[in-house]
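Visitor: Sending over my_file_25.cif (mmCIF, C-alpha atoms).
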```
data_start
loop_
_atom_site.label_atom_id
_atom_site.label_comp_id
_atom_site.auth_asym_id
_atom_site.auth_seq_id
_atom_site.Cartn_x
_atom_site.Cartn_y
_atom_site.Cartn_z
CA MET A 1213 0.00 0.00 0.00
CA GLN A 1214 2.94 2.32 0.64
CA ILE A 1215 3.93 2.37 -3.00
CA ILE A 1216 0.49 3.51 -4.10
CA GLU A 1217 0.25 6.05 -1.28
CA ARG A 1218 3.43 7.69 -2.52
CA LYS A 1219 1.68 8.38 -5.82
CA LEU A 1220 -0.73 10.77 -4.10
CA TYR A 1221 2.08 13.29 -3.73
CA GLN A 1222 4.50 12.49 -6.57
CA LYS A 1223 4.11 13.25 -10.26
CA ASN A 1224 3.57 10.40 -12.73
CA LYS A 1225 7.10 10.42 -14.16
CA ILE A 1226 6.83 7.10 -16.02
CA GLY A 1227 3.77 8.06 -18.06
CA ASN A 1228 5.39 11.39 -18.93
CA LEU A 1229 8.62 9.64 -19.96
CA PHE A 1230 6.82 7.31 -22.39
CA VAL A 1231 5.17 10.29 -24.10
CA LEU A 1232 8.54 12.08 -24.29
CA VAL A 1233 9.97 9.01 -26.06
CA TYR A 1234 7.05 9.26 -28.51
CA ILE A 1235 7.85 12.94 -29.15
CA GLY A 1236 11.55 12.19 -29.71
CA LEU A 1237 10.88 9.34 -32.15
CA ASN A 1238 8.29 11.46 -33.96
CA ILE A 1239 10.87 14.23 -34.43
CA ILE A 1240 13.42 11.77 -35.85
CA TYR A 1241 10.77 10.37 -38.22
CA SER A 1242 9.78 13.87 -39.41
CA ILE A 1243 13.40 14.96 -40.09
CA PHE A 1244 14.14 11.92 -42.27
CA ASN A 1245 10.74 11.93 -43.99
CA ILE A 1246 10.80 15.64 -44.93
CA ASN A 1247 14.28 15.13 -46.38
CA MET A 1248 12.93 12.46 -48.78
CA MET A 1249 9.47 13.80 -49.67
CA PRO A 1250 8.83 15.30 -53.13
CA LYS A 1251 7.76 18.95 -53.25
CA SER A 1252 3.93 19.05 -53.26
CA THR A 1253 1.01 20.08 -51.07
CA ALA A 1254 1.44 16.82 -49.15
CA LEU A 1255 4.72 18.19 -47.76
CA GLY A 1256 2.99 21.24 -46.27
CA ILE A 1257 0.20 19.11 -44.80
CA PHE A 1258 2.79 16.75 -43.31
CA VAL A 1259 4.74 19.59 -41.66
CA MET A 1260 1.66 21.25 -40.17
CA SER A 1261 0.21 17.95 -38.88
CA THR A 1262 3.60 17.13 -37.33
CA ILE A 1263 3.56 20.45 -35.44
CA LEU A 1264 0.00 19.72 -34.23
CA LEU A 1265 0.95 16.19 -33.12
CA LEU A 1266 4.00 17.48 -31.23
CA LEU A 1267 1.88 20.11 -29.43
CA LEU A 1268 -0.77 17.52 -28.59
CA GLY A 1269 1.94 15.12 -27.42
CA PHE A 1270 3.41 17.73 -25.09
CA LEU A 1271 -0.03 18.55 -23.62
CA THR A 1272 -0.74 14.83 -23.17
CA GLY A 1273 2.60 14.37 -21.39
CA THR A 1274 1.91 17.16 -18.92
CA LYS A 1275 -1.63 15.90 -18.30
CA LEU A 1276 -0.43 12.32 -17.78
CA ALA A 1277 2.04 13.65 -15.20
CA SER A 1278 -0.99 14.64 -13.09
CA TYR A 1279 -2.84 11.30 -13.48
CA SER A 1280 -5.57 12.31 -15.95
CA LYS A 1281 -7.79 9.40 -17.01
CA LEU A 1282 -9.32 11.24 -19.97
CA TRP A 1283 -5.94 12.16 -21.47
CA SER A 1284 -4.73 8.57 -21.27
CA GLY A 1285 -7.48 7.96 -23.84
CA VAL A 1286 -5.96 10.76 -25.92
CA ALA A 1287 -2.62 8.92 -25.69
CA LEU A 1288 -4.32 5.82 -27.09
CA VAL A 1289 -5.65 7.88 -30.02
CA LEU A 1290 -2.14 9.32 -30.63
CA GLY A 1291 -0.80 5.76 -30.82
CA LEU A 1292 -3.56 4.79 -33.23
CA ILE A 1293 -2.61 7.73 -35.50
CA GLN A 1294 0.99 6.45 -35.58
CA PHE A 1295 -0.24 3.01 -36.70
CA LEU A 1296 -2.58 4.47 -39.33
CA ARG A 1297 0.31 6.49 -40.78
CA LEU A 1298 1.87 3.16 -41.80
CA THR A 1299 -0.77 2.82 -44.54
CA PHE A 1300 0.01 6.16 -46.22
CA ASP A 1301 1.82 6.45 -49.54
CA ALA A 1302 5.59 6.08 -49.01
CA SER A 1303 6.68 4.97 -52.49
CA TYR A 1304 9.34 7.73 -52.63
CA MET A 1305 11.41 5.88 -50.01
CA GLU A 1306 14.09 3.24 -50.57
CA ALA A 1307 13.24 -0.24 -49.29
CA ASP A 1308 15.92 -0.18 -46.54
CA MET A 1309 14.88 3.29 -45.40
CA LEU A 1310 11.19 2.31 -45.36
CA LEU A 1311 11.89 -0.55 -42.94
CA MET A 1312 13.68 1.81 -40.53
CA MET A 1313 10.93 4.43 -40.75
CA ASN A 1314 8.22 1.81 -40.12
CA VAL A 1315 10.13 0.51 -37.10
CA ILE A 1316 10.36 4.08 -35.72
CA LEU A 1317 6.62 4.62 -36.22
CA ILE A 1318 5.66 1.30 -34.58
CA LEU A 1319 7.99 1.92 -31.62
CA SER A 1320 6.61 5.43 -31.04
CA GLY A 1321 3.02 4.12 -31.27
CA ILE A 1322 3.70 1.34 -28.77
CA SER A 1323 5.48 3.80 -26.46
CA VAL A 1324 2.62 6.30 -26.26
CA ILE A 1325 0.00 3.55 -25.82
CA VAL A 1326 1.99 1.96 -22.98
CA GLY A 1327 2.31 5.41 -21.37
CA GLY A 1328 -1.44 5.96 -21.51
CA PHE A 1329 -2.14 2.48 -20.19
CA VAL A 1330 0.27 2.80 -17.25
CA THR A 1331 -1.24 6.18 -16.37
CA PHE A 1332 -4.77 4.75 -16.51
CA LYS A 1333 -3.76 1.97 -14.11
CA TYR A 1334 -2.06 4.30 -11.64
CA SER A 1335 -4.88 6.85 -11.64
CA HIS A 1336 -7.40 4.04 -11.07
CA GLN A 1337 -5.40 2.85 -8.03
CA ARG A 1338 -5.13 6.46 -6.84
CA GLU A 1339 -8.88 7.05 -7.10
CA GLN A 1340 -9.61 3.83 -5.17
CA LEU A 1341 -7.27 4.95 -2.40
CA LEU A 1342 -8.88 8.40 -2.20
CA LYS A 1343 -12.35 6.85 -2.06
CA SER A 1344 -11.38 4.32 0.63
CA ASN A 1345 -10.55 6.99 3.22
CA PRO A 1346 -11.93 10.41 2.23
CA GLU A 1347 -11.32 12.06 5.62
CA LYS A 1348 -7.63 11.21 5.74
CA TYR A 1349 -6.92 12.53 2.23
CA GLN A 1350 -9.18 15.58 2.46
CA SER A 1351 -6.45 18.05 1.51
CA ILE A 1352 -5.62 16.26 -1.77
CA SER A 1353 -7.65 17.33 -4.78
CA HIS A 1354 -8.97 14.68 -7.14
CA MET B 508 -43.16 4.38 6.53
CA ASN B 509 -39.51 5.24 6.90
CA LYS B 510 -38.70 1.83 8.34
CA GLN B 511 -40.25 0.16 5.35
CA LEU B 512 -38.29 2.23 2.88
CA GLU B 513 -34.96 1.86 4.64
CA PRO B 514 -33.91 -1.59 3.31
CA ALA B 515 -34.85 -0.61 -0.23
CA LEU B 516 -32.72 2.55 0.00
CA LYS B 517 -29.79 0.58 1.38
CA GLN B 518 -29.96 -1.79 -1.54
CA GLN B 519 -30.02 0.98 -4.10
CA ALA B 520 -27.36 3.16 -2.50
CA PRO B 521 -24.26 1.36 -3.83
CA LEU B 522 -25.69 1.40 -7.35
CA ILE B 523 -26.10 5.18 -7.21
CA LEU B 524 -22.76 5.97 -5.53
CA GLY B 525 -20.34 3.38 -6.95
CA GLY B 526 -18.83 4.17 -10.33
CA THR B 527 -16.50 1.20 -10.70
CA MET B 528 -19.27 -1.31 -11.28
CA LEU B 529 -20.78 0.68 -14.14
CA SER B 530 -17.41 1.30 -15.75
CA ASP B 531 -16.67 -2.43 -15.53
CA LYS B 532 -19.83 -3.09 -17.45
CA PHE B 533 -18.93 -0.42 -20.00
CA THR B 534 -15.55 -1.93 -20.92
CA LEU B 535 -17.09 -5.41 -21.07
CA ARG B 536 -19.81 -4.13 -23.40
CA LEU B 537 -17.14 -2.39 -25.49
CA GLN B 538 -15.21 -5.66 -25.77
CA LYS B 539 -18.35 -7.49 -26.92
CA TYR B 540 -19.17 -4.89 -29.58
CA LEU B 541 -15.55 -4.71 -30.78
CA THR B 542 -15.44 -8.49 -31.21
CA TYR B 543 -18.51 -8.46 -33.45
CA THR B 544 -17.16 -5.38 -35.29
CA LEU B 545 -13.89 -7.25 -35.96
CA ILE B 546 -15.76 -10.26 -37.39
CA GLY B 547 -17.91 -7.96 -39.54
CA THR B 548 -14.88 -6.01 -40.81
CA ALA B 549 -13.05 -9.25 -41.62
CA ALA B 550 -16.10 -10.49 -43.57
CA ILE B 551 -16.29 -7.19 -45.52
CA LEU B 552 -12.55 -7.43 -46.30
CA PHE B 553 -13.01 -11.05 -47.46
CA VAL B 554 -15.84 -10.12 -49.85
CA PHE B 555 -13.85 -7.11 -51.09
CA ALA B 556 -10.82 -9.35 -51.74
CA LEU B 557 -12.96 -11.78 -53.74
CA GLY B 558 -14.26 -8.98 -55.95
CA PHE B 559 -11.06 -6.96 -56.24
CA MET B 560 -10.12 -8.09 -59.76
CA THR B 561 -13.57 -7.24 -61.20
CA ASN B 562 -12.38 -3.64 -61.52
CA PHE B 563 -9.67 -4.65 -63.99
CA TYR B 564 -11.31 -7.30 -66.23
CA GLU B 565 -11.86 -4.66 -68.91
CA LEU B 566 -8.08 -4.25 -69.26
CA TYR B 567 -7.78 -7.99 -70.05
CA LEU B 568 -10.70 -8.08 -72.49
CA GLY B 569 -10.21 -4.91 -74.54
CA GLY B 570 -6.88 -3.30 -73.67
CA ASN B 571 -3.59 -3.01 -75.51
CA ALA B 572 -0.26 -4.69 -74.60
CA ASP B 573 0.56 -2.23 -71.79
CA MET B 574 -2.79 -2.78 -70.09
CA PHE B 575 -2.53 -6.57 -70.43
CA ASP B 576 0.90 -6.42 -68.82
CA TYR B 577 -0.53 -4.29 -65.99
CA TYR B 578 -3.40 -6.77 -65.59
CA LYS B 579 -0.97 -9.66 -65.24
CA ARG B 580 1.22 -7.85 -62.73
CA ILE B 581 -1.66 -6.69 -60.49
CA GLN B 582 -2.45 -10.35 -59.69
CA SER B 583 0.30 -10.19 -57.06
CA LEU B 584 -1.59 -7.43 -55.20
CA ASN B 585 -4.80 -9.46 -55.46
CA THR B 586 -3.07 -12.53 -54.00
CA VAL B 587 -1.63 -10.57 -51.07
CA ILE B 588 -4.98 -8.91 -50.24
CA PHE B 589 -6.81 -12.27 -50.39
CA ASP B 590 -4.21 -14.01 -48.19
CA SER B 591 -4.31 -11.31 -45.53
CA SER B 592 -8.13 -11.33 -45.55
CA LEU B 593 -8.06 -15.11 -45.00
CA TYR B 594 -5.65 -14.69 -42.07
CA LEU B 595 -7.83 -11.99 -40.55
CA ILE B 596 -11.16 -13.81 -40.89
CA VAL B 597 -9.76 -17.03 -39.36
CA LEU B 598 -8.19 -15.11 -36.45
CA ALA B 599 -11.39 -13.07 -35.94
CA ILE B 600 -13.62 -16.16 -35.76
CA LEU B 601 -11.13 -17.82 -33.36
CA HIS B 602 -11.93 -14.96 -30.92
CA LEU B 603 -15.29 -16.65 -30.20
CA PRO B 604 -13.89 -19.84 -28.50
CA PHE B 605 -11.94 -17.51 -26.16
CA ASP B 606 -15.31 -15.95 -25.07
CA PHE B 607 -14.36 -12.42 -26.09
CA HIS B 608 -18.08 -11.72 -26.57
CA LYS B 609 -19.09 -12.92 -23.10
CA LYS B 610 -16.60 -12.10 -20.36
CA SER B 611 -13.09 -10.86 -19.62
CA VAL B 612 -10.58 -13.31 -21.08
CA SER B 613 -7.54 -15.10 -19.65
CA LEU B 614 -3.93 -14.07 -20.26
CA PHE B 615 -3.73 -16.49 -23.18
CA GLY B 616 -6.72 -14.75 -24.79
CA VAL B 617 -5.05 -11.34 -24.37
CA ILE B 618 -1.87 -12.70 -26.02
CA PHE B 619 -4.02 -14.12 -28.83
CA SER B 620 -5.58 -10.71 -29.52
CA ALA B 621 -2.07 -9.17 -29.52
CA VAL B 622 -1.00 -11.80 -32.06
CA THR B 623 -4.02 -10.92 -34.21
CA PHE B 624 -2.99 -7.27 -34.14
CA GLY B 625 0.63 -8.09 -35.04
CA VAL B 626 -0.23 -10.45 -37.91
CA ASN B 627 -2.71 -7.94 -39.34
CA LEU B 628 -0.17 -5.11 -39.03
CA SER B 629 2.59 -7.02 -40.83
CA ASN B 630 0.14 -8.05 -43.58
CA THR B 631 -0.95 -4.42 -43.93
CA LEU B 632 2.64 -3.25 -44.43
CA VAL B 633 3.08 -5.65 -47.38
CA VAL B 634 -0.31 -4.77 -48.89
CA ASN B 635 0.35 -1.05 -48.55
CA ARG B 636 3.73 -1.26 -50.30
CA LEU B 637 2.22 -3.04 -53.34
CA ASN B 638 -0.95 -0.93 -53.22
CA THR B 639 0.86 2.42 -53.49
CA TYR B 640 3.18 0.99 -56.19
CA PHE B 641 0.29 -0.13 -58.41
CA ALA B 642 -1.67 3.08 -57.80
CA ARG B 643 1.33 5.07 -59.04
CA LEU B 644 1.70 2.74 -62.05
CA HIS B 645 -2.03 3.15 -62.78
CA LEU B 646 -1.58 6.92 -63.07
CA GLY B 647 1.11 6.45 -65.75
CA ILE B 648 -1.08 4.45 -68.18
CA ASP B 649 -3.26 6.20 -70.78
CA PHE B 650 -6.80 4.73 -70.60
CA SER B 651 -8.43 7.08 -73.16
CA GLY B 652 -8.78 4.26 -75.73
CA LEU B 653 -11.15 2.27 -73.50
CA GLU B 654 -14.66 3.70 -73.43
CA SER B 655 -16.29 1.42 -70.87
CA TYR B 656 -13.44 1.54 -68.33
CA ASP B 657 -13.67 4.01 -65.46
CA ALA B 658 -10.02 4.88 -64.73
CA SER B 659 -10.28 5.88 -61.07
CA LEU B 660 -8.07 5.11 -58.06
CA LEU B 661 -11.10 4.00 -56.01
CA PRO B 662 -10.07 0.30 -55.57
CA PHE B 663 -6.68 1.33 -54.15
CA GLN B 664 -8.20 3.93 -51.82
CA MET B 665 -10.80 1.42 -50.62
CA THR B 666 -8.05 -1.12 -49.88
CA GLN B 667 -6.19 1.46 -47.81
CA ILE B 668 -9.30 2.51 -45.86
CA ILE B 669 -10.44 -1.06 -45.06
CA PHE B 670 -6.98 -2.01 -43.78
CA MET B 671 -6.88 1.17 -41.65
CA VAL B 672 -10.21 0.14 -40.07
CA THR B 673 -8.90 -3.38 -39.33
CA ILE B 674 -5.78 -1.94 -37.63
CA ALA B 675 -7.92 0.37 -35.46
CA VAL B 676 -10.38 -2.37 -34.45
CA THR B 677 -7.71 -4.98 -33.60
CA LEU B 678 -5.67 -2.43 -31.61
CA PHE B 679 -8.71 -1.27 -29.58
CA LEU B 680 -9.81 -4.87 -28.96
CA PHE B 681 -6.33 -5.74 -27.63
CA VAL B 682 -6.23 -2.74 -25.28
CA VAL B 683 -9.80 -3.23 -24.01
CA SER B 684 -9.28 -6.97 -23.37
CA LEU B 685 -6.06 -6.15 -21.48
CA VAL B 686 -7.95 -3.60 -19.33
CA ASN B 687 -10.68 -6.17 -18.60
CA TYR B 688 -8.09 -8.83 -17.74
CA ILE B 689 -6.36 -6.54 -15.20
CA LYS B 690 -9.69 -5.49 -13.65
CA GLU B 691 -10.73 -9.13 -13.28
CA LYS B 692 -7.37 -10.06 -11.76
CA ARG B 693 -7.62 -7.34 -9.09
CA LYS B 694 -10.92 -8.73 -7.80
#
```
Can you present the structure in this file as structure tokens?
Guide:
Amino acid sequence: MQIIERKLYQKNKIGNLFVLVYIGLNIIYSIFNINMMPKSTALGIFVMSTILLLLLGFLTGTKLASYSKLWSGVALVLGLIQFLRLTFDASYMEADMLLMMNVILILSGISVIVGGFVTFKYSHQREQLLKSNPEKYQSISH
Amino acid sequence: MNKQLEPALKQQAPLILGGTMLSDKFTLRLQKYLTYTLIGTAAILFVFALGFMTNFYELYLGGNADMFDYYKRIQSLNTVIFDSSLYLIVLAILHLPFDFHKKSVSLFGVIFSAVTFGVNLSNTLVVNRLNTYFARLHLGIDFSGLESYDASLLPFQMTQIIFMVTIAVTLFLFVVSLVNYIKEKRK
């Protein structure tokens, strides 16, 4: 019980770390992909959507640090987007490069989903503890 | 009057106050619906794979040498789509013996749904590579000589969209079954 009780006061560092790994891998993917893409409107859309995903990833990381259940669902959606990006047109890449890029995408997707899942578990435990003894933990906000 | 009502209120109180029980039911219901959605999606993909070549028969019947060559080469895409649809429909129907549509599953069932997701993902990567290649090749051929042929990229886009849906459904089913497994274990 002590381990869970510590979580009432500490930030959720593990969930935040998983999302930071997602952001780092996403940045690496974007740098290599923009280098290879042909000049078209797809390039502009890719750059702007990357900026949006990075912003959303940062917000998710900070929210997961404070045990938000709703935003762990957002983390799941972010992971799903990474997996759906595997089905987009990447015929401009070499075969060796494509394998590496796919591995990066899959790793980042798995990372952010695991982060959301771990956070969901911890925040569930935390809520149960707060409910079990409301008078003792009165000063802690939900 | 109050004494008569008291036991009834006591019985109803946990239902009103407790949120965990309802949320348990919600994830179980979600797992049930996702299982049937997966089987339905797999069936749609199977039917789509059977009818995929119908879009290109006109190239075989009335096209020139280039189109005939394209028709012969696109058989490889057809084979890959049909194989992956067979894999998916067999794996989706095998979810029923694990009771995915009834209750939270065992650890072996969770691993099975993870395997389904992985197999479908690796199949999708192969299909997508060939799909984008043939879509690009399709743009390079001049179809103006054929009157009855509608030269659109719709079959390729439909392939991409159906495989995206299968990835989403298998991923959500894996996560939801894992959540249900952990909830069941804690009890």
Visitor: I would like the residues chosen by the PyMOL selection byres ((chain B) within 8 of (chain A)) on the shown file; could you give them as a list in words?
Guide: Thr631, Leu632, Asn635, Arg636, Thr639, Tyr640, Gln667, Phe670, Met671, Ile674, Ala675 and Leu678 of chain B
Visitor: For CA of Thr544 (chain B) and CA of Thr1331 (chain A), quote the distance in Å rounded to one decimal.
Guide: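 Here the two named atoms are 27.3 Å from each other.
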Visitor: Taking into account all atoms listed in the file, which residue in the set A:Leu1268, A:Leu1237, A:Ile1257, A:Leu1232 is nearest to Met1312 (chain A)?
Guide: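 Checking each candidate against Met1312 (chain A), we get A:Leu1237 as the closest.
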Visitor: Would you pick out the contacts of Leu584 (chain B) at 8 Å or less, using all atoms listed in the file, so that residues sharing its chain but fewer than 4 positions from it are not included, and give the list as a ChimeraX atom specification?
Guide: /B:588,634,637-638
Visitor: Region 643-660 of chain B: which residues within 10 Å, counting only C-alpha atoms, same-chain residues fewer than 5 positions away excluded, as an NGL selection string?
Guide: (:A and (1301 or 1303)) or (:B and (562-566 or 569-571 or 573-574 or 577 or 637-638 or 665))
Visitor: Decode the PyMOL selection byres ((chain A and resi 1269-1281) around 10) for the given file into explicit residues and return them as a ChimeraX atom specification.
Guide: /A:1219-1232,1234-1235,1238,1263-1268,1282-1287,1290,1324,1327-1336,1338-1339,1354
Visitor: With distances taken over only C-alpha atoms, which of A:Ile1352, A:Met1305, A:Thr1262, A:Glu1347 is nearest to Asn1247 (chain A)?
Guide: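 Closest to Asn1247 (chain A), using only C-alpha atoms: A:Met1305.
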Visitor: Enumerate, as a VMD selection string, the protein, DNA and RNA residues whose atoms approach (-14.8, -6.8, -38.5) to within 10 Å, taking into account only C-alpha atoms and the coordinate frame of the file.
Guide: chain B and resid 541 to 552 595 to 596 599 to 600 669 672 to 673 676 to 677
Visitor: Keeping C-alpha atoms for every residue in the selection just given, could you write it to a file as a PDB file, in the frame of the given file?
Guide:
```
ATOM      1  CA  LEU B 541     -15.550  -4.710 -30.780  1.00  0.00           C
ATOM      2  CA  THR B 542     -15.440  -8.490 -31.210  1.00  0.00           C
ATOM      3  CA  TYR B 543     -18.510  -8.460 -33.450  1.00  0.00           C
ATOM      4  CA  THR B 544     -17.160  -5.380 -35.290  1.00  0.00           C
ATOM      5  CA  LEU B 545     -13.890  -7.250 -35.960  1.00  0.00           C
ATOM      6  CA  ILE B 546     -15.760 -10.260 -37.390  1.00  0.00           C
ATOM      7  CA  GLY B 547     -17.910  -7.960 -39.540  1.00  0.00           C
ATOM      8  CA  THR B 548     -14.880  -6.010 -40.810  1.00  0.00           C
ATOM      9  CA  ALA B 549     -13.050  -9.250 -41.620  1.00  0.00           C
ATOM     10  CA  ALA B 550     -16.100 -10.490 -43.570  1.00  0.00           C
ATOM     11  CA  ILE B 551     -16.290  -7.190 -45.520  1.00  0.00           C
ATOM     12  CA  LEU B 552     -12.550  -7.430 -46.300  1.00  0.00           C
ATOM     13  CA  LEU B 595      -7.830 -11.990 -40.550  1.00  0.00           C
ATOM     14  CA  ILE B 596     -11.160 -13.810 -40.890  1.00  0.00           C
ATOM     15  CA  ALA B 599     -11.390 -13.070 -35.940  1.00  0.00           C
ATOM     16  CA  ILE B 600     -13.620 -16.160 -35.760  1.00  0.00           C
ATOM     17  CA  ILE B 669     -10.440  -1.060 -45.060  1.00  0.00           C
ATOM     18  CA  VAL B 672     -10.210   0.140 -40.070  1.00  0.00           C
ATOM     19  CA  THR B 673      -8.900  -3.380 -39.330  1.00  0.00           C
ATOM     20  CA  VAL B 676     -10.380  -2.370 -34.450  1.00  0.00           C
ATOM     21  CA  THR B 677      -7.710  -4.980 -33.600  1.00  0.00           C
TER      22      THR B 677
END
```
Visitor: For CA of Leu628 (chain B) and CA of Arg580 (chain B), quote the distance in Å rounded to one decimal.
Guide: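 Interatomic distance here is 23.9 Å.
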Visitor: Just to confirm, what's the straight-line distance from CA of Phe575 (chain B) to CA of Leu557 (chain B) in Å (one decimal)?
Guide: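 Pair CA of Phe575 (chain B) / CA of Leu557 (chain B) returns 20.4 Å.
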Visitor: What lies within 9 Å of Asn1245 (chain A) using all atoms listed in the file, ignoring chain neighbours under 4 positions off, as a tab-separated table (two decimals) with C-alpha atoms, in the coordinates of the input?
Guide:
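The result, stored in part.tsv:
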```tsv
chain	number	residue	atom	x	y	z
A	1240	ILE	CA	13.42	11.77	-35.85
A	1241	TYR	CA	10.77	10.37	-38.22
A	1249	MET	CA	9.47	13.80	-49.67
A	1305	MET	CA	11.41	5.88	-50.01
A	1313	MET	CA	10.93	4.43	-40.75
```
